[in-house]
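To be precise, the following lines are protein_29.cif, and they hold mmCIF, C-alpha atoms.
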data_protein
#
loop_
_atom_site.label_atom_id
_atom_site.label_comp_id
_atom_site.auth_asym_id
_atom_site.auth_seq_id
_atom_site.Cartn_x
_atom_site.Cartn_y
_atom_site.Cartn_z
CA MET H 1 16.55 8.52 31.14
CA THR H 2 14.92 10.96 28.74
CA VAL H 3 15.60 14.51 29.87
CA PRO H 4 12.73 16.96 29.20
CA LYS H 5 13.61 20.09 27.29
CA LEU H 6 13.39 22.76 29.95
CA PHE H 7 16.19 24.97 28.70
CA GLY H 8 14.25 26.66 25.93
CA LEU H 9 12.78 29.14 28.42
CA GLY H 10 15.29 31.23 30.34
CA ILE H 11 15.40 31.62 34.10
CA LEU H 12 14.33 35.26 33.77
CA HIS H 13 11.15 34.23 31.91
CA LEU H 14 10.52 31.36 34.33
CA SER H 15 10.81 33.72 37.29
CA ALA H 16 8.27 36.04 35.71
CA LEU H 17 5.84 33.15 35.18
CA VAL H 18 6.17 32.08 38.79
CA MET H 19 5.61 35.62 40.09
CA MET H 20 2.49 35.94 37.92
CA GLY H 21 1.20 32.58 39.14
CA CYS H 22 0.98 31.20 35.62
CA VAL H 23 2.33 27.76 36.47
CA SER H 24 1.80 27.44 40.20
CA GLY H 25 -0.24 24.31 40.92
CA LYS H 26 -1.30 23.88 37.30
CA SER H 27 -0.13 21.89 34.32
CA ALA H 28 2.03 23.96 32.02
CA SER H 29 4.18 23.82 28.90
CA ILE H 30 7.67 25.16 29.53
CA GLY H 31 10.50 25.24 27.04
CA GLY H 32 8.83 22.66 24.81
CA ALA H 33 8.13 20.21 27.65
CA SER H 34 4.41 19.81 28.36
CA GLY H 35 2.64 18.41 31.39
CA LEU H 36 4.74 20.18 34.03
CA ALA H 37 3.27 21.16 37.37
CA MET H 38 4.86 23.65 39.71
CA VAL H 39 5.48 22.21 43.19
CA ASN H 40 4.87 24.52 46.13
CA SER H 41 8.21 23.86 47.82
CA THR H 42 11.58 25.56 48.22
CA GLU H 43 13.46 22.24 48.27
CA LEU H 44 13.55 19.15 46.08
CA PRO H 45 12.28 16.33 48.35
CA PRO H 46 14.83 13.67 49.30
CA PRO H 47 14.28 10.12 48.04
CA SER H 48 13.03 7.37 50.34
CA PRO H 49 14.72 3.97 50.84
CA ALA H 50 12.10 2.48 48.49
CA ASP H 51 13.23 4.87 45.74
CA PHE H 52 16.79 3.55 45.98
CA MET H 53 15.56 -0.04 45.78
CA ALA H 54 13.55 0.76 42.64
CA SER H 55 16.51 2.18 40.74
CA SER H 56 17.37 0.58 37.42
CA ASN H 57 20.74 2.34 37.01
CA PRO H 58 23.58 0.02 35.94
CA ALA H 59 26.01 -0.96 38.69
CA VAL H 60 29.25 0.99 38.50
CA ILE H 61 32.47 0.70 40.47
CA GLY H 62 33.26 3.36 43.03
CA PRO H 63 35.76 4.06 45.83
CA TYR H 64 35.92 1.40 48.56
CA ASP H 65 33.96 -1.13 46.48
CA VAL H 66 35.26 -4.71 46.54
CA ILE H 67 35.82 -6.52 43.22
CA ASP H 68 37.19 -9.78 41.82
CA VAL H 69 39.36 -9.74 38.69
CA SER H 70 40.15 -12.81 36.61
CA VAL H 71 41.93 -13.44 33.31
CA TYR H 72 40.84 -16.51 31.37
CA GLY H 73 43.57 -19.16 31.36
CA GLN H 74 45.81 -17.10 33.66
CA ASP H 75 45.12 -18.26 37.19
CA ASP H 76 48.20 -16.47 38.52
CA LEU H 77 46.58 -13.13 37.57
CA ALA H 78 43.38 -13.74 39.49
CA LEU H 79 42.69 -11.14 42.20
CA LYS H 80 40.09 -11.78 44.90
CA ASP H 81 38.42 -9.29 47.22
CA ILE H 82 40.35 -6.27 45.94
CA GLN H 83 39.17 -3.00 47.46
CA VAL H 84 39.12 0.05 45.20
CA ASP H 85 41.07 2.88 46.84
CA ALA H 86 39.71 6.31 47.79
CA GLY H 87 40.72 7.69 44.39
CA GLY H 88 38.84 4.97 42.50
CA ARG H 89 41.93 2.97 41.47
CA ILE H 90 43.20 -0.59 41.68
CA ALA H 91 46.67 -2.04 41.08
CA PHE H 92 46.91 -4.93 38.60
CA PRO H 93 49.98 -7.10 37.79
CA PHE H 94 51.95 -5.99 34.69
CA VAL H 95 49.50 -3.13 34.12
CA GLY H 96 49.99 -1.01 37.21
CA THR H 97 47.37 1.44 38.42
CA VAL H 98 43.97 1.34 36.71
CA ASP H 99 41.30 4.00 37.23
CA VAL H 100 38.00 2.14 37.51
CA ALA H 101 35.75 4.65 39.31
CA GLY H 102 32.50 5.40 37.48
CA LEU H 103 32.90 2.43 35.13
CA THR H 104 30.73 -0.66 34.91
CA PRO H 105 32.57 -3.94 35.58
CA SER H 106 32.58 -4.77 31.85
CA GLU H 107 34.01 -1.33 30.98
CA ALA H 108 36.76 -1.72 33.58
CA ALA H 109 37.53 -5.22 32.27
CA GLY H 110 37.89 -3.78 28.77
CA ILE H 111 40.52 -1.31 30.00
CA VAL H 112 42.54 -4.07 31.66
CA GLU H 113 42.28 -6.16 28.49
CA SER H 114 43.58 -3.30 26.36
CA GLN H 115 46.56 -2.85 28.69
CA LEU H 116 47.44 -6.55 28.62
CA ARG H 117 46.79 -7.19 24.92
CA GLY H 118 49.86 -7.73 22.79
CA ARG H 119 52.41 -6.85 25.46
CA PHE H 120 51.79 -9.70 27.90
CA ILE H 121 48.88 -11.78 26.58
CA ARG H 122 47.88 -12.14 22.95
CA ASN H 123 44.08 -12.09 23.38
CA PRO H 124 43.22 -11.59 27.04
CA VAL H 125 39.69 -12.14 28.31
CA VAL H 126 39.20 -10.27 31.57
CA THR H 127 36.21 -10.57 33.89
CA ILE H 128 35.50 -8.19 36.75
CA ASN H 129 32.77 -8.89 39.28
CA LEU H 130 31.47 -6.29 41.72
CA LYS H 131 31.20 -8.18 45.01
CA LYS H 132 30.45 -5.44 47.52
CA THR H 133 29.45 -1.87 46.84
CA ALA H 134 30.16 0.93 49.29
CA SER H 135 29.33 3.71 46.89
CA GLN H 136 26.38 5.21 45.07
CA VAL H 137 26.38 7.31 41.92
CA VAL H 138 25.07 10.49 40.33
CA SER H 139 24.97 11.35 36.63
CA ILE H 140 26.37 14.73 35.59
CA GLY H 141 25.76 15.96 32.04
CA GLY H 142 25.26 18.99 29.87
CA GLU H 143 27.84 21.75 29.70
CA VAL H 144 30.51 20.47 32.08
CA LYS H 145 34.04 19.57 31.05
CA ARG H 146 33.76 15.91 31.93
CA PRO H 147 30.21 14.53 31.81
CA GLY H 148 29.74 11.08 33.23
CA ILE H 149 28.62 8.88 36.10
CA TYR H 150 30.36 9.68 39.36
CA PRO H 151 30.46 7.83 42.68
CA LEU H 152 28.59 9.53 45.49
CA VAL H 153 30.99 9.54 48.41
CA GLY H 154 30.42 11.63 51.53
CA ASP H 155 28.18 14.69 51.50
CA MET H 156 27.80 15.49 47.79
CA THR H 157 26.16 18.81 46.89
CA LEU H 158 25.35 20.41 43.56
CA LEU H 159 28.46 22.62 43.56
CA LYS H 160 30.68 19.70 44.56
CA ALA H 161 29.21 17.58 41.76
CA ILE H 162 29.96 20.24 39.15
CA ALA H 163 33.51 20.52 40.49
CA ARG H 164 33.85 16.72 40.32
CA ALA H 165 32.97 16.96 36.61
CA GLU H 166 35.85 19.47 36.25
CA GLY H 167 33.64 22.54 36.17
CA TRP H 168 32.01 24.68 33.52
CA THR H 169 32.54 24.93 29.79
CA GLU H 170 32.48 28.22 27.87
CA PHE H 171 28.80 27.56 27.02
CA SER H 172 27.58 26.72 30.54
CA LYS H 173 24.42 28.43 31.72
CA ARG H 174 25.10 28.77 35.42
CA ARG H 175 21.63 30.11 36.09
CA GLU H 176 19.93 27.09 34.53
CA VAL H 177 21.14 23.92 36.23
CA ILE H 178 18.57 21.15 36.62
CA VAL H 179 18.54 18.25 39.07
CA TYR H 180 16.24 15.34 38.18
CA ARG H 181 15.10 12.97 40.92
CA LYS H 182 12.59 10.12 41.06
CA ILE H 183 10.50 10.05 44.23
CA GLY H 184 7.62 7.65 44.88
CA GLY H 185 7.51 6.65 41.22
CA LYS H 186 7.19 10.28 40.08
CA GLN H 187 9.85 12.27 38.25
CA TYR H 188 10.79 15.70 39.61
CA GLY H 189 13.00 18.42 38.21
CA ALA H 190 14.44 21.39 40.10
CA ILE H 191 16.00 24.40 38.35
CA TYR H 192 18.83 26.04 40.30
CA ASP H 193 20.60 29.34 39.84
CA VAL H 194 24.17 28.41 40.75
CA LYS H 195 25.24 32.04 40.73
CA ALA H 196 22.71 32.67 43.50
CA ILE H 197 24.00 29.67 45.45
CA GLU H 198 27.57 30.92 45.12
CA ALA H 199 26.44 34.34 46.35
CA GLY H 200 24.84 32.75 49.43
CA ARG H 201 21.25 33.61 48.49
CA TYR H 202 20.17 30.03 49.19
CA ALA H 203 21.79 26.78 50.25
CA ASP H 204 23.83 24.46 48.06
CA PRO H 205 21.39 21.50 47.73
CA PRO H 206 22.46 17.98 48.68
CA LEU H 207 22.47 15.28 46.01
CA TYR H 208 21.40 11.68 46.44
CA SER H 209 22.20 8.44 44.66
CA ASN H 210 20.64 8.18 41.18
CA ASP H 211 20.17 11.96 40.82
CA THR H 212 20.83 13.39 37.35
CA VAL H 213 22.41 16.85 37.03
CA VAL H 214 22.20 18.72 33.72
CA VAL H 215 24.03 22.03 33.26
CA GLY H 216 22.32 24.46 30.87
CA PHE H 217 23.61 25.26 27.40
CA SER H 218 23.50 28.50 25.43
CA GLN H 219 25.17 29.00 22.06
CA ALA H 220 24.19 32.65 22.25
CA GLN H 221 25.63 33.14 25.73
CA ARG H 222 27.70 36.15 24.68
CA ASN H 223 24.58 37.96 23.47
CA LEU H 224 22.76 37.17 26.71
CA ARG H 225 25.42 38.47 29.10
CA ASP H 226 23.78 41.86 29.46
CA ILE H 227 20.41 40.23 30.22
CA TYR H 228 21.91 37.97 32.88
CA THR H 229 23.74 40.90 34.43
CA VAL H 230 20.46 42.62 35.27
CA ALA H 231 18.28 39.53 35.77
CA PRO H 232 17.20 38.96 39.39
CA ALA H 233 18.74 35.87 40.92
CA LEU H 234 16.37 33.12 42.01
CA LEU H 235 15.79 33.21 45.76
CA ALA H 236 14.87 29.50 45.74
CA PRO H 237 14.93 26.67 43.20
CA LEU H 238 11.93 26.11 40.92
CA ILE H 239 10.53 22.62 41.59
CA PHE H 240 8.46 20.84 38.90
CA LEU H 241 6.62 17.55 38.78
CA LEU H 242 7.25 16.17 35.29
CA ASP H 243 4.63 14.46 33.12
CA SER H 244 1.91 15.63 35.48
CA ASN H 245 -1.76 15.11 34.70
CA ASN H 246 -2.89 17.94 36.99
#
Would you put the structure from the file into structure tokens?
Amino acid sequence: MTVPKLFGLGILHLSALVMMGCVSGKSASIGGASGLAMVNSTELPPPSPADFMASSNPAVIGPYDVIDVSVYGQDDLALKDIQVDAGGRIAFPFVGTVDVAGLTPSEAAGIVESQLRGRFIRNPVVTINLKKTASQVVSIGGEVKRPGIYPLVGDMTLLKAIARAEGWTEFSKRREVIVYRKIGGKQYGAIYDVKAIEAGRYADPPLYSNDTVVVGFSQAQRNLRDIYTVAPALLAPLIFLLDSNN
């Protein structure tokens, strides 16, 4: 998906706009992204079952999924109805443990091929089919140590998702973390102040399958430390309807 450029305007400036009523209920241009409408809500709405059915995200393998693995011309290496373990791994003959969580079947097959090639089979052709899926996924990007697609297992929240991606980088903007979600065919974005969440000022929001999390980026973070020290923390996320015609 194309992620709108919301990071050009800092949380402090956004908070001021909201308090002045400049964007509430009206179309606005924020951080270079036009056609945004402020949503009068303190929570990003959850998706409906129809939203999950409409998703076009590629299928990826996650914990507890069931897969078939075959190697062309090597019937003795065929594995049927193999369940991925809780850590997202499978065991494969000659190769050992393979981490497949967050990978598409073709990506996982490529890893198995690379492990077999040359040592056991000259030119292996591996096929992996996802037979049953027990997991859903979220995309985590921006300034985290390990961006990627992660299986959604259990009660995933924003803080847990960032931890799953191995946490912040030195350039992370913890007061500008955006969650994108598609609801009823419309794209929403919510800006969260993670420092405020960690301080208990408002709840750690739940994430749902197909959500996209983007952690803010600031090359001039060192120069902004004094501003963020005195900036008021958001008491609730800022919810926007993207590409609005209001």
### Using only C-alpha atoms: which of H:Gly167, H:Pro151, H:Gly118, H:Gly73 has the shortest distance to Ala86 in chain H
H:Pro151
### Query
Using only C-alpha atoms, which of H:Asn40, H:Leu242, H:Gly200, H:Arg146 sits nearest Gln187 in chain H?
H:Leu242
What does the PyMOL selection byres ((chain H and resi 205-207) around 6) select in this file, as a short mmCIF file (atom, residue, chain, number, x, y, z; two decimals) with C-alpha atoms, in the frame of the given file?
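Writing the result to expr32.cif gives the following:
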data_model
loop_
_atom_site.label_atom_id
_atom_site.label_comp_id
_atom_site.auth_asym_id
_atom_site.auth_seq_id
_atom_site.Cartn_x
_atom_site.Cartn_y
_atom_site.Cartn_z
CA MET H 156 27.80 15.49 47.79
CA THR H 157 26.16 18.81 46.89
CA LEU H 158 25.35 20.41 43.56
CA ALA H 203 21.79 26.78 50.25
CA ASP H 204 23.83 24.46 48.06
CA TYR H 208 21.40 11.68 46.44
#
### the PyMOL selection byres ((chain H and resi 144) around 10) resolved against shown file, as a ChimeraX atom specification
/H:140-143,145-148,162-172,214-217
### Query
At most 7 Å from (12.5, 20.3, 38.6), file frame, only C-alpha atoms: which residues, as a list of chain:residue names?
H:Ile178, H:Val179, H:Tyr180, H:Tyr188, H:Gly189, H:Ala190, H:Ile191, H:Leu238, H:Ile239, H:Phe240, H:Leu241
### Message
As an exercise, work out the distance from CA of Tyr64 in chain H to CA of Leu152 in chain H in Å and give it to one decimal place.
### Response
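Between CA of Tyr64 in chain H and CA of Leu152 in chain H the gap works out to 11.4 Å.
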#### Entry: Residues near Gly110 in chain H, cut-off 9 Å, all atoms listed in the file, skip fewer than 6 positions along chain, as a VMD selection string
chain H and resid 125 to 127
### Task
Apply the PyMOL selection byres ((chain H and resi 106) around 12) to the file shown and report the selected residues as a PyMOL selection string.
chain H and resi 58-61+67+69+100+102-105+107-113+125-130
### Task
Tell me which protein, DNA and RNA residues are within 7 Å of Asp193 in chain H, counting all atoms listed in the file, leaving out same-chain ones fewer than 2 positions away, and put them as JSON, numbers by chain.
{"H": [174, 175, 176, 177, 191, 195, 196, 197, 233, 234]}
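Straight-line separation from CA of Gly96 in chain H to CA of Lys160 in chain H: 29.3 Å.
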### Message
Using Å and a single decimal, report how far CA of Ala50 in chain H sits from CA of Gly185 in chain H.
### Response
9.6 Å
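Between Asp81 in chain H and the residues H:Pro47, H:Asp68, H:Thr42, H:Ala134, the shortest atom-to-atom distance, using only C-alpha atoms, involves H:Asp68.
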### Task
Extract, using only C-alpha atoms, all DNA, RNA and protein residues at most 7 Å from Ser139 in chain H, discarding same-chain residues fewer than 5 positions from it, and format them as a list in words.
Gly148, Ile149, Tyr150, Asp211, Thr212 and Val213 of chain H
